[in-house]
Amino acid sequence: MYQKIITYHRENNEELSIRELLKKWLIPKKWQHFFRIQEDVLINGQYHSFNTIVQDQDVVTLNFDFPPRTEQHYLPGHDPVDVVYEDDDIIVVNKVAGKKTHPNLSTEDDSLMNDVETYLKDGHPYMVHRIDMETSGLVLISKTPYLVPIFNRQLSSKTLHREYLALVNLDAPINDSGTIDQQIGQDPTDVRKRMVTEDGLSATTNYQVIEKNADFALLKLNLLTGRTHQLRVHLAHNHWPIVNDILYNPHKKAGMLLLFAHKLTFSQPFTGKSKIIQAKLPENMYNLICADLKQPKSSPNPDN
């Protein structure tokens with residue numbers, strides 16, 4: 001059984017019932033039903049009607065004494081993980097380029113989730129979101145299956161933000177900032193690829209130019225949706241392909257894909273407090289970006 005004990009801090013003089021507080025915490029309705037009929041929500045150690053107003057500094061105990069939606073375990077992996085942040089419930093790791101986020105088959109043991117399975121020893125990782133195999137950077141992973149639906153709701157409501165840095169070839173002019181709102185679907189000529197298409201899934205990307213010269217631009221990118229290859233497809237379609245993208249960039253390749261998930265912003269479950277996790281560019285990526293932009297390597301890392 002997963003148990004969470006929270007000291008409730010009232011915000012802006014709000015007066016929330018137990019039912020309203022569970023809704024605010026993005027707990028699925030079916031789970032709210034289980035909590036009520038099993039009397040598994042306690043206020044200061046006692047069960048109360050769901051219409052009861054929760055007072056400031058009340059201690060709320062949630063006993064998740066019912067099956068989670070998913071329960072998937074992974075084979076142990078073999079590589080160390082770069083842990084950027086960790087607490088009792090979540091872990092944020094910095095994935096290297098060339099490693100899959102998760103295995104495609106239960107017999108595989110060479111993905112990030114396999115490595116985190118080994119790292120946690122007595123626990124198991126549960127995937128919240130993924131990044132492409134060739135993309136490096138931050139990945140948020142839950143240590144319990146009961147938080148995954150909550151983070152899914154944060155993704156849907158845009159309270160879980162993912163921000164990337166990318167170096168792109170400038171095969172066309174680019175504004176200092178903008179929004180790309182183009183639908184993405186399967187490329188009929190290549191099963192590995194996606195493309196902008198009128199009958200695809202909605203996809204929205206915000207971008208901001210950090211620095212540029214005649215040939216390259218360093219971009220800050222925010223995903224408002226999470227389609228497969230979204231950033232790579234949107235940028236390539238607008239003639240700003242990401243440097244070293246083997247699928248979407250026609251230019252000569254020389255090294256790793258220069259796309260890095262450098263920042264995660266989300267609400268800590270059951271508190272509402274915003275949490276921001278950032279990571280610096282890998283040194284080899286930073287050096288490549290400096291070389292292409294012809295900056296001195298002593299210049300500040302753009303993530304600082």
# chains A, B, ... in the order shown; residues from 1 in each chain; ligands from 1
call {"tool": "residues_around", "arguments": {"residues": "Leu235 of chain A", "least_positions_apart": "6", "cutoff": "10 Å", "atoms": "only C-alpha atoms", "output": "list of chain:residue names"}}
result
A:Ala166, A:Val168, A:Asn169, A:Leu170, A:Ile180, A:Thr205, A:Tyr207, A:Pro241, A:Ile242, A:Tyr248, A:Asn249
call {"tool": "residues_around", "arguments": {"residues": "segment 14-18 of chain A", "least_positions_apart": "4", "cutoff": "9 Å", "atoms": "only C-alpha atoms", "output": "PyMOL selection string"}}
result
chain A and resi 10+22-23+41+43+48-55
call {"tool": "write_last_selection", "arguments": {"atoms": "N, CA, C and O atoms", "output": "JSON list (two decimals), in the first residue's frame"}}
result
[["chain", "number", "residue", "atom", "x", "y", "z"],
["A", 10, "ARG", "N", -3.38, 26.14, 3.68],
["A", 10, "ARG", "CA", -4.44, 26.86, 2.97],
["A", 10, "ARG", "C", -3.84, 27.99, 2.16],
["A", 10, "ARG", "O", -2.96, 28.72, 2.62],
["A", 22, "LEU", "N", -9.28, 16.83, -3.00],
["A", 22, "LEU", "CA", -8.84, 15.71, -3.83],
["A", 22, "LEU", "C", -8.91, 16.06, -5.32],
["A", 22, "LEU", "O", -8.03, 15.68, -6.10],
["A", 23, "LYS", "N", -9.93, 16.80, -5.70],
["A", 23, "LYS", "CA", -10.05, 17.26, -7.09],
["A", 23, "LYS", "C", -8.91, 18.21, -7.43],
["A", 23, "LYS", "O", -8.31, 18.12, -8.51],
["A", 41, "VAL", "N", -9.25, 8.28, 3.53],
["A", 41, "VAL", "CA", -8.75, 9.64, 3.70],
["A", 41, "VAL", "C", -8.98, 10.03, 5.15],
["A", 41, "VAL", "O", -10.12, 10.05, 5.62],
["A", 43, "ILE", "N", -8.27, 12.86, 8.31],
["A", 43, "ILE", "CA", -7.89, 14.21, 8.71],
["A", 43, "ILE", "C", -7.48, 14.15, 10.17],
["A", 43, "ILE", "O", -8.30, 13.81, 11.04],
["A", 48, "HIS", "N", -13.57, 11.50, 8.06],
["A", 48, "HIS", "CA", -14.66, 12.49, 8.09],
["A", 48, "HIS", "C", -15.42, 12.43, 6.77],
["A", 48, "HIS", "O", -14.90, 11.97, 5.75],
["A", 49, "SER", "N", -16.64, 12.93, 6.79],
["A", 49, "SER", "CA", -17.41, 13.08, 5.57],
["A", 49, "SER", "C", -16.65, 13.90, 4.55],
["A", 49, "SER", "O", -15.90, 14.82, 4.90],
["A", 50, "PHE", "N", -16.84, 13.57, 3.26],
["A", 50, "PHE", "CA", -16.13, 14.28, 2.20],
["A", 50, "PHE", "C", -16.59, 15.74, 2.06],
["A", 50, "PHE", "O", -15.97, 16.51, 1.34],
["A", 51, "ASN", "N", -17.67, 16.13, 2.75],
["A", 51, "ASN", "CA", -18.10, 17.52, 2.75],
["A", 51, "ASN", "C", -17.40, 18.35, 3.82],
["A", 51, "ASN", "O", -17.58, 19.56, 3.90],
["A", 52, "THR", "N", -16.58, 17.69, 4.65],
["A", 52, "THR", "CA", -15.88, 18.38, 5.72],
["A", 52, "THR", "C", -14.84, 19.35, 5.15],
["A", 52, "THR", "O", -14.08, 19.02, 4.24],
["A", 53, "ILE", "N", -14.82, 20.58, 5.69],
["A", 53, "ILE", "CA", -13.84, 21.58, 5.27],
["A", 53, "ILE", "C", -12.49, 21.25, 5.91],
["A", 53, "ILE", "O", -12.40, 21.02, 7.11],
["A", 54, "VAL", "N", -11.46, 21.25, 5.09],
["A", 54, "VAL", "CA", -10.11, 20.99, 5.58],
["A", 54, "VAL", "C", -9.51, 22.29, 6.09],
["A", 54, "VAL", "O", -9.53, 23.32, 5.40],
["A", 55, "GLN", "N", -9.01, 22.26, 7.32],
["A", 55, "GLN", "CA", -8.48, 23.46, 7.97],
["A", 55, "GLN", "C", -6.97, 23.59, 7.73],
["A", 55, "GLN", "O", -6.28, 22.61, 7.47]]
call {"tool": "closest_residue", "arguments": {"among": "A:Tyr119, A:Phe266, A:Trp25, A:Phe66", "to": "Gln3 of chain A", "atoms": "only C-alpha atoms"}}
result
A:Phe66
call {"tool": "residues_around", "arguments": {"residues": "segment 158-162 of chain A", "least_positions_apart": "4", "cutoff": "7 Å", "atoms": "only C-alpha atoms", "output": "MDAnalysis selection string"}}
result
chainID A and resid 154 222:224 263:267
call {"tool": "write_last_selection", "arguments": {"atoms": "N, CA and C atoms", "output": "PDB file, in the first residue's frame"}}
result
ATOM      1  N   GLN A 154      -1.343  16.798 -15.237  1.00  0.00           N
ATOM      2  CA  GLN A 154      -0.519  18.003 -15.337  1.00  0.00           C
ATOM      3  C   GLN A 154      -0.051  18.228 -16.776  1.00  0.00           C
ATOM      4  N   ASN A 222       9.522  25.236 -26.250  1.00  0.00           N
ATOM      5  CA  ASN A 222       8.550  24.755 -25.279  1.00  0.00           C
ATOM      6  C   ASN A 222       7.496  23.907 -25.978  1.00  0.00           C
ATOM      7  N   LEU A 223       7.322  22.690 -25.489  1.00  0.00           N
ATOM      8  CA  LEU A 223       6.289  21.799 -26.014  1.00  0.00           C
ATOM      9  C   LEU A 223       4.956  22.099 -25.355  1.00  0.00           C
ATOM     10  N   LEU A 224       3.955  22.406 -26.151  1.00  0.00           N
ATOM     11  CA  LEU A 224       2.597  22.550 -25.629  1.00  0.00           C
ATOM     12  C   LEU A 224       1.782  21.287 -25.874  1.00  0.00           C
ATOM     13  N   LYS A 263      15.064  21.694 -19.081  1.00  0.00           N
ATOM     14  CA  LYS A 263      14.286  22.258 -17.971  1.00  0.00           C
ATOM     15  C   LYS A 263      12.931  21.570 -17.860  1.00  0.00           C
ATOM     16  N   LEU A 264      12.561  21.217 -16.627  1.00  0.00           N
ATOM     17  CA  LEU A 264      11.246  20.664 -16.312  1.00  0.00           C
ATOM     18  C   LEU A 264      10.599  21.530 -15.240  1.00  0.00           C
ATOM     19  N   THR A 265       9.344  21.887 -15.462  1.00  0.00           N
ATOM     20  CA  THR A 265       8.578  22.618 -14.456  1.00  0.00           C
ATOM     21  C   THR A 265       7.286  21.858 -14.210  1.00  0.00           C
ATOM     22  N   PHE A 266       6.981  21.574 -12.937  1.00  0.00           N
ATOM     23  CA  PHE A 266       5.775  20.823 -12.609  1.00  0.00           C
ATOM     24  C   PHE A 266       5.315  21.185 -11.205  1.00  0.00           C
ATOM     25  N   SER A 267       4.106  20.778 -10.875  1.00  0.00           N
ATOM     26  CA  SER A 267       3.572  20.976  -9.523  1.00  0.00           C
ATOM     27  C   SER A 267       3.868  19.735  -8.698  1.00  0.00           C
TER      28      SER A 267
END
call {"tool": "select_by_dssp", "arguments": {"residues": "segment 108-181 of chain A", "states": "strand (DSSP E or B)", "output": "PyMOL selection string"}}
result
chain A and resi 126-127+136-142+161-169+177-181
call {"tool": "residues_around", "arguments": {"residues": "His78 of chain A", "least_positions_apart": "6", "cutoff": "8 Å", "atoms": "only C-alpha atoms", "output": "list in words"}}
result
Asp109, Asp110, Asn114, Asp115 and Thr118 of chain A
call {"tool": "write_last_selection", "arguments": {"atoms": "N, CA, C and O atoms", "output": "PDB file, in the first residue's frame"}}
result
ATOM      1  N   ASP A 109      16.900  -4.851 -21.951  1.00  0.00           N
ATOM      2  CA  ASP A 109      17.456  -4.355 -20.697  1.00  0.00           C
ATOM      3  C   ASP A 109      18.433  -3.195 -20.910  1.00  0.00           C
ATOM      4  O   ASP A 109      19.306  -2.950 -20.073  1.00  0.00           O
ATOM      5  N   ASP A 110      18.298  -2.490 -22.051  1.00  0.00           N
ATOM      6  CA  ASP A 110      19.285  -1.466 -22.380  1.00  0.00           C
ATOM      7  C   ASP A 110      18.688  -0.062 -22.482  1.00  0.00           C
ATOM      8  O   ASP A 110      19.261   0.816 -23.135  1.00  0.00           O
ATOM      9  N   ASN A 114      15.346   0.644 -17.631  1.00  0.00           N
ATOM     10  CA  ASN A 114      16.074  -0.510 -17.099  1.00  0.00           C
ATOM     11  C   ASN A 114      17.171  -0.055 -16.130  1.00  0.00           C
ATOM     12  O   ASN A 114      17.351  -0.643 -15.054  1.00  0.00           O
ATOM     13  N   ASP A 115      17.892   1.006 -16.524  1.00  0.00           N
ATOM     14  CA  ASP A 115      18.966   1.501 -15.657  1.00  0.00           C
ATOM     15  C   ASP A 115      18.411   2.049 -14.348  1.00  0.00           C
ATOM     16  O   ASP A 115      19.011   1.853 -13.279  1.00  0.00           O
ATOM     17  N   THR A 118      17.552  -0.678 -11.872  1.00  0.00           N
ATOM     18  CA  THR A 118      18.721  -1.102 -11.101  1.00  0.00           C
ATOM     19  C   THR A 118      19.062  -0.090 -10.015  1.00  0.00           C
ATOM     20  O   THR A 118      19.359  -0.457  -8.871  1.00  0.00           O
TER      21      THR A 118
END
call {"tool": "atom_distance", "arguments": {"atom1": "atom CA of Thr144 of chain A", "atom2": "atom CA of Gly226 of chain A"}}
result
22.4 Å
call {"tool": "select_by_dssp", "arguments": {"residues": "segment 98-264 of chain A", "states": "alpha helix (DSSP H)", "output": "short mmCIF file (atom, residue, chain, number, x, y, z; two decimals) with all heavy atoms, in the first residue's frame"}}
result
data_model
loop_
_atom_site.label_atom_id
_atom_site.label_comp_id
_atom_site.auth_asym_id
_atom_site.auth_seq_id
_atom_site.Cartn_x
_atom_site.Cartn_y
_atom_site.Cartn_z
N LEU A 112 16.77 3.52 -20.54
CA LEU A 112 16.88 4.32 -19.32
C LEU A 112 16.07 3.72 -18.18
O LEU A 112 16.53 3.66 -17.03
CB LEU A 112 16.40 5.75 -19.60
CG LEU A 112 16.38 6.70 -18.40
CD1 LEU A 112 17.79 6.98 -17.90
CD2 LEU A 112 15.66 8.00 -18.74
N MET A 113 14.84 3.25 -18.48
CA MET A 113 14.01 2.68 -17.42
C MET A 113 14.64 1.42 -16.83
O MET A 113 14.51 1.16 -15.62
CB MET A 113 12.61 2.37 -17.97
CG MET A 113 11.84 3.60 -18.43
SD MET A 113 11.54 4.82 -17.12
CE MET A 113 10.23 3.99 -16.22
N ASN A 114 15.35 0.64 -17.63
CA ASN A 114 16.07 -0.51 -17.10
C ASN A 114 17.17 -0.06 -16.13
O ASN A 114 17.35 -0.64 -15.05
CB ASN A 114 16.70 -1.32 -18.23
CG ASN A 114 15.69 -1.94 -19.17
OD1 ASN A 114 15.56 -1.52 -20.31
ND2 ASN A 114 14.95 -2.94 -18.69
N ASP A 115 17.89 1.01 -16.52
CA ASP A 115 18.97 1.50 -15.66
C ASP A 115 18.41 2.05 -14.35
O ASP A 115 19.01 1.85 -13.28
CB ASP A 115 19.76 2.58 -16.39
CG ASP A 115 20.49 2.05 -17.61
OD1 ASP A 115 20.74 0.83 -17.68
OD2 ASP A 115 20.78 2.87 -18.52
N VAL A 116 17.26 2.74 -14.41
CA VAL A 116 16.66 3.27 -13.18
C VAL A 116 16.12 2.14 -12.31
O VAL A 116 16.14 2.21 -11.09
CB VAL A 116 15.57 4.31 -13.52
CG1 VAL A 116 14.89 4.82 -12.24
CG2 VAL A 116 16.16 5.48 -14.30
N GLU A 117 15.64 1.07 -12.94
CA GLU A 117 15.21 -0.12 -12.19
C GLU A 117 16.36 -0.63 -11.31
O GLU A 117 16.17 -0.96 -10.13
CB GLU A 117 14.76 -1.22 -13.15
CG GLU A 117 14.33 -2.51 -12.49
CD GLU A 117 12.90 -2.50 -11.99
OE1 GLU A 117 12.07 -1.75 -12.53
OE2 GLU A 117 12.61 -3.26 -11.03
N THR A 118 17.55 -0.68 -11.87
CA THR A 118 18.72 -1.10 -11.10
C THR A 118 19.06 -0.09 -10.02
O THR A 118 19.36 -0.46 -8.87
CB THR A 118 19.93 -1.28 -12.03
OG1 THR A 118 19.63 -2.29 -13.00
CG2 THR A 118 21.17 -1.69 -11.25
N TYR A 119 19.00 1.19 -10.35
CA TYR A 119 19.36 2.25 -9.40
C TYR A 119 18.46 2.24 -8.17
O TYR A 119 18.93 2.41 -7.03
CB TYR A 119 19.29 3.61 -10.10
CG TYR A 119 19.45 4.78 -9.16
CD1 TYR A 119 20.72 5.23 -8.79
CD2 TYR A 119 18.33 5.46 -8.64
CE1 TYR A 119 20.87 6.29 -7.93
CE2 TYR A 119 18.48 6.52 -7.78
CZ TYR A 119 19.75 6.94 -7.42
OH TYR A 119 19.89 7.99 -6.55
N LEU A 120 17.15 2.02 -8.35
CA LEU A 120 16.21 2.10 -7.24
C LEU A 120 16.31 0.91 -6.29
O LEU A 120 15.80 0.98 -5.17
CB LEU A 120 14.78 2.24 -7.78
CG LEU A 120 14.46 3.55 -8.50
CD1 LEU A 120 13.02 3.54 -9.01
CD2 LEU A 120 14.68 4.75 -7.58
N VAL A 148 1.41 8.57 -11.45
CA VAL A 148 1.42 8.70 -12.91
C VAL A 148 0.16 9.38 -13.45
O VAL A 148 0.25 10.31 -14.27
CB VAL A 148 1.66 7.33 -13.59
CG1 VAL A 148 1.52 7.44 -15.09
CG2 VAL A 148 3.04 6.79 -13.21
N PRO A 149 -1.07 8.98 -13.02
CA PRO A 149 -2.26 9.70 -13.51
C PRO A 149 -2.28 11.17 -13.12
O PRO A 149 -2.82 12.00 -13.88
CB PRO A 149 -3.42 8.94 -12.85
CG PRO A 149 -2.87 7.60 -12.51
CD PRO A 149 -1.44 7.83 -12.16
N ILE A 150 -1.72 11.52 -11.98
CA ILE A 150 -1.67 12.91 -11.55
C ILE A 150 -0.75 13.71 -12.48
O ILE A 150 -1.11 14.80 -12.94
CB ILE A 150 -1.21 13.01 -10.09
CG1 ILE A 150 -2.27 12.39 -9.17
CG2 ILE A 150 -0.92 14.46 -9.70
CD1 ILE A 150 -1.86 12.29 -7.72
N PHE A 151 0.42 13.15 -12.80
CA PHE A 151 1.31 13.84 -13.73
C PHE A 151 0.73 13.87 -15.14
O PHE A 151 0.94 14.84 -15.89
CB PHE A 151 2.69 13.17 -13.74
CG PHE A 151 3.55 13.53 -12.55
CD1 PHE A 151 4.05 12.55 -11.72
CD2 PHE A 151 3.85 14.85 -12.27
CE1 PHE A 151 4.84 12.88 -10.62
CE2 PHE A 151 4.64 15.20 -11.19
CZ PHE A 151 5.14 14.21 -10.36
N ASN A 152 -0.03 12.84 -15.52
CA ASN A 152 -0.70 12.86 -16.83
C ASN A 152 -1.67 14.04 -16.92
O ASN A 152 -1.79 14.68 -17.97
CB ASN A 152 -1.44 11.56 -17.07
CG ASN A 152 -0.51 10.40 -17.42
OD1 ASN A 152 0.65 10.61 -17.79
ND2 ASN A 152 -0.99 9.18 -17.28
N ARG A 153 -2.36 14.31 -15.82
CA ARG A 153 -3.28 15.44 -15.80
C ARG A 153 -2.53 16.76 -15.84
O ARG A 153 -3.00 17.75 -16.41
CB ARG A 153 -4.18 15.35 -14.56
CG ARG A 153 -5.29 14.33 -14.73
CD ARG A 153 -5.92 13.92 -13.40
NE ARG A 153 -7.11 13.11 -13.62
CZ ARG A 153 -7.08 11.84 -14.00
NH1 ARG A 153 -5.91 11.24 -14.21
NH2 ARG A 153 -8.21 11.16 -14.19
N GLN A 154 -1.34 16.80 -15.24
CA GLN A 154 -0.52 18.00 -15.34
C GLN A 154 -0.05 18.23 -16.78
O GLN A 154 0.01 19.37 -17.25
CB GLN A 154 0.68 17.90 -14.40
CG GLN A 154 0.35 18.01 -12.92
CD GLN A 154 1.57 18.25 -12.07
OE1 GLN A 154 2.57 18.81 -12.53
NE2 GLN A 154 1.50 17.83 -10.82
N LEU A 155 0.28 17.14 -17.46
CA LEU A 155 0.65 17.27 -18.87
C LEU A 155 -0.51 17.82 -19.69
O LEU A 155 -0.34 18.69 -20.54
CB LEU A 155 1.09 15.91 -19.43
CG LEU A 155 2.50 15.45 -19.07
CD1 LEU A 155 2.67 13.96 -19.41
CD2 LEU A 155 3.54 16.27 -19.83
N SER A 156 -1.72 17.30 -19.42
CA SER A 156 -2.90 17.74 -20.17
C SER A 156 -3.25 19.19 -19.89
O SER A 156 -3.69 19.93 -20.78
CB SER A 156 -4.09 16.84 -19.84
OG SER A 156 -3.85 15.50 -20.22
N SER A 157 -3.06 19.61 -18.63
CA SER A 157 -3.42 20.97 -18.23
C SER A 157 -2.27 21.96 -18.41
O SER A 157 -2.40 23.13 -18.06
CB SER A 157 -3.89 20.99 -16.78
OG SER A 157 -2.84 20.59 -15.91
N GLN A 230 7.98 15.71 -32.39
CA GLN A 230 7.32 17.00 -32.65
C GLN A 230 8.32 18.13 -32.94
O GLN A 230 8.17 18.85 -33.95
CB GLN A 230 6.45 17.40 -31.47
CG GLN A 230 5.78 18.77 -31.64
CD GLN A 230 4.82 19.11 -30.52
OE1 GLN A 230 4.07 18.26 -30.07
NE2 GLN A 230 4.84 20.35 -30.06
N LEU A 231 9.31 18.32 -32.09
CA LEU A 231 10.24 19.43 -32.29
C LEU A 231 11.03 19.24 -33.58
O LEU A 231 11.21 20.18 -34.36
CB LEU A 231 11.20 19.52 -31.10
CG LEU A 231 10.57 19.85 -29.76
CD1 LEU A 231 11.63 19.85 -28.65
CD2 LEU A 231 9.85 21.19 -29.78
N ARG A 232 11.47 18.03 -33.83
CA ARG A 232 12.28 17.75 -35.01
C ARG A 232 11.47 17.98 -36.29
O ARG A 232 11.98 18.55 -37.27
CB ARG A 232 12.81 16.32 -34.94
CG ARG A 232 13.69 16.09 -33.73
CD ARG A 232 13.87 14.62 -33.40
NE ARG A 232 14.65 13.92 -34.40
CZ ARG A 232 14.88 12.61 -34.38
NH1 ARG A 232 14.37 11.86 -33.40
NH2 ARG A 232 15.61 12.05 -35.32
N VAL A 233 10.22 17.55 -36.29
CA VAL A 233 9.37 17.70 -37.47
C VAL A 233 8.99 19.17 -37.69
O VAL A 233 9.08 19.69 -38.80
CB VAL A 233 8.10 16.83 -37.33
CG1 VAL A 233 7.10 17.14 -38.44
CG2 VAL A 233 8.46 15.36 -37.37
N HIS A 234 8.56 19.84 -36.62
CA HIS A 234 8.16 21.25 -36.76
C HIS A 234 9.31 22.10 -37.27
O HIS A 234 9.14 22.93 -38.18
CB HIS A 234 7.68 21.78 -35.41
CG HIS A 234 6.21 21.60 -35.19
ND1 HIS A 234 5.61 21.85 -33.98
CD2 HIS A 234 5.21 21.20 -36.02
CE1 HIS A 234 4.30 21.61 -34.07
NE2 HIS A 234 4.04 21.21 -35.30
N LEU A 235 10.49 21.92 -36.70
CA LEU A 235 11.62 22.77 -37.10
C LEU A 235 12.07 22.44 -38.52
O LEU A 235 12.34 23.35 -39.31
CB LEU A 235 12.76 22.60 -36.11
CG LEU A 235 12.45 23.12 -34.69
CD1 LEU A 235 13.56 22.76 -33.73
CD2 LEU A 235 12.23 24.62 -34.70
N ALA A 236 12.14 21.16 -38.85
CA ALA A 236 12.55 20.79 -40.20
C ALA A 236 11.56 21.28 -41.25
O ALA A 236 11.96 21.75 -42.33
CB ALA A 236 12.72 19.27 -40.30
N HIS A 237 10.27 21.18 -40.94
CA HIS A 237 9.25 21.61 -41.90
C HIS A 237 9.36 23.11 -42.19
O HIS A 237 9.04 23.55 -43.31
CB HIS A 237 7.86 21.30 -41.35
CG HIS A 237 6.74 21.63 -42.30
ND1 HIS A 237 6.39 20.84 -43.37
CD2 HIS A 237 5.89 22.70 -42.34
CE1 HIS A 237 5.39 21.39 -44.03
NE2 HIS A 237 5.07 22.52 -43.43
#
call {"tool": "residues_around", "arguments": {"residues": "segment 269-271 of chain A", "least_positions_apart": "6", "cutoff": "10 Å", "atoms": "only C-alpha atoms", "output": "list in words"}}
result
Lys4, Ile5, Ile6, Thr7, Tyr8, His9, Leu21, Leu22, Lys24, Trp25, Leu26, Ile27, Val60, Asp89, Leu147, Ile150, Phe151 and Gln154 of chain A
call {"tool": "closest_residue", "arguments": {"among": "A:Glu283, A:Glu108, A:Asp199, A:Asp190", "to": "Tyr74 of chain A", "atoms": "only C-alpha atoms"}}
result
A:Glu108
call {"tool": "decode", "arguments": {"residues": "segment 146-196 of chain A", "atoms": "C-alpha atoms", "output": "PDB file, in the first residue's frame"}}
result
ATOM      1  CA  TYR A 146      -0.200   6.181  -8.107  1.00  0.00           C
ATOM      2  CA  LEU A 147       1.423   9.453  -9.180  1.00  0.00           C
ATOM      3  CA  VAL A 148       1.423   8.700 -12.911  1.00  0.00           C
ATOM      4  CA  PRO A 149      -2.260   9.697 -13.509  1.00  0.00           C
ATOM      5  CA  ILE A 150      -1.667  12.913 -11.552  1.00  0.00           C
ATOM      6  CA  PHE A 151       1.313  13.839 -13.727  1.00  0.00           C
ATOM      7  CA  ASN A 152      -0.696  12.865 -16.833  1.00  0.00           C
ATOM      8  CA  ARG A 153      -3.283  15.439 -15.803  1.00  0.00           C
ATOM      9  CA  GLN A 154      -0.519  18.003 -15.337  1.00  0.00           C
ATOM     10  CA  LEU A 155       0.654  17.271 -18.870  1.00  0.00           C
ATOM     11  CA  SER A 156      -2.900  17.742 -20.170  1.00  0.00           C
ATOM     12  CA  SER A 157      -3.417  20.971 -18.233  1.00  0.00           C
ATOM     13  CA  LYS A 158       0.037  22.311 -19.220  1.00  0.00           C
ATOM     14  CA  THR A 159       1.218  22.581 -15.614  1.00  0.00           C
ATOM     15  CA  LEU A 160       4.010  20.148 -16.455  1.00  0.00           C
ATOM     16  CA  HIS A 161       6.240  22.043 -18.885  1.00  0.00           C
ATOM     17  CA  ARG A 162       9.186  20.675 -20.843  1.00  0.00           C
ATOM     18  CA  GLU A 163      11.731  23.119 -22.229  1.00  0.00           C
ATOM     19  CA  TYR A 164      14.479  22.265 -24.706  1.00  0.00           C
ATOM     20  CA  LEU A 165      17.564  23.842 -26.231  1.00  0.00           C
ATOM     21  CA  ALA A 166      18.359  23.126 -29.887  1.00  0.00           C
ATOM     22  CA  LEU A 167      20.893  24.274 -32.431  1.00  0.00           C
ATOM     23  CA  VAL A 168      19.346  24.473 -35.896  1.00  0.00           C
ATOM     24  CA  ASN A 169      20.532  25.107 -39.436  1.00  0.00           C
ATOM     25  CA  LEU A 170      19.009  28.283 -40.831  1.00  0.00           C
ATOM     26  CA  ASP A 171      17.860  27.249 -44.287  1.00  0.00           C
ATOM     27  CA  ALA A 172      15.276  30.058 -44.104  1.00  0.00           C
ATOM     28  CA  PRO A 173      14.930  33.261 -42.072  1.00  0.00           C
ATOM     29  CA  ILE A 174      13.591  32.947 -38.528  1.00  0.00           C
ATOM     30  CA  ASN A 175      11.782  35.454 -36.307  1.00  0.00           C
ATOM     31  CA  ASP A 176      13.100  36.159 -32.831  1.00  0.00           C
ATOM     32  CA  SER A 177      10.185  34.191 -31.381  1.00  0.00           C
ATOM     33  CA  GLY A 178       7.026  32.491 -32.522  1.00  0.00           C
ATOM     34  CA  THR A 179       4.546  29.635 -32.293  1.00  0.00           C
ATOM     35  CA  ILE A 180       4.437  26.662 -34.654  1.00  0.00           C
ATOM     36  CA  ASP A 181       0.920  25.232 -34.810  1.00  0.00           C
ATOM     37  CA  GLN A 182       0.998  22.457 -37.415  1.00  0.00           C
ATOM     38  CA  GLN A 183      -0.583  18.997 -37.332  1.00  0.00           C
ATOM     39  CA  ILE A 184       1.705  15.982 -37.331  1.00  0.00           C
ATOM     40  CA  GLY A 185       1.030  12.532 -38.784  1.00  0.00           C
ATOM     41  CA  GLN A 186       2.841   9.422 -40.019  1.00  0.00           C
ATOM     42  CA  ASP A 187       5.148   9.749 -43.031  1.00  0.00           C
ATOM     43  CA  PRO A 188       3.744   7.197 -45.546  1.00  0.00           C
ATOM     44  CA  THR A 189       7.171   6.707 -47.127  1.00  0.00           C
ATOM     45  CA  ASP A 190       9.120   5.862 -43.956  1.00  0.00           C
ATOM     46  CA  VAL A 191       7.737   4.100 -40.874  1.00  0.00           C
ATOM     47  CA  ARG A 192      10.406   5.774 -38.713  1.00  0.00           C
ATOM     48  CA  LYS A 193       9.348   9.300 -39.591  1.00  0.00           C
ATOM     49  CA  ARG A 194       6.544  11.789 -38.975  1.00  0.00           C
ATOM     50  CA  MET A 195       5.541  14.776 -41.088  1.00  0.00           C
ATOM     51  CA  VAL A 196       3.334  17.855 -41.074  1.00  0.00           C
TER      52      VAL A 196
END
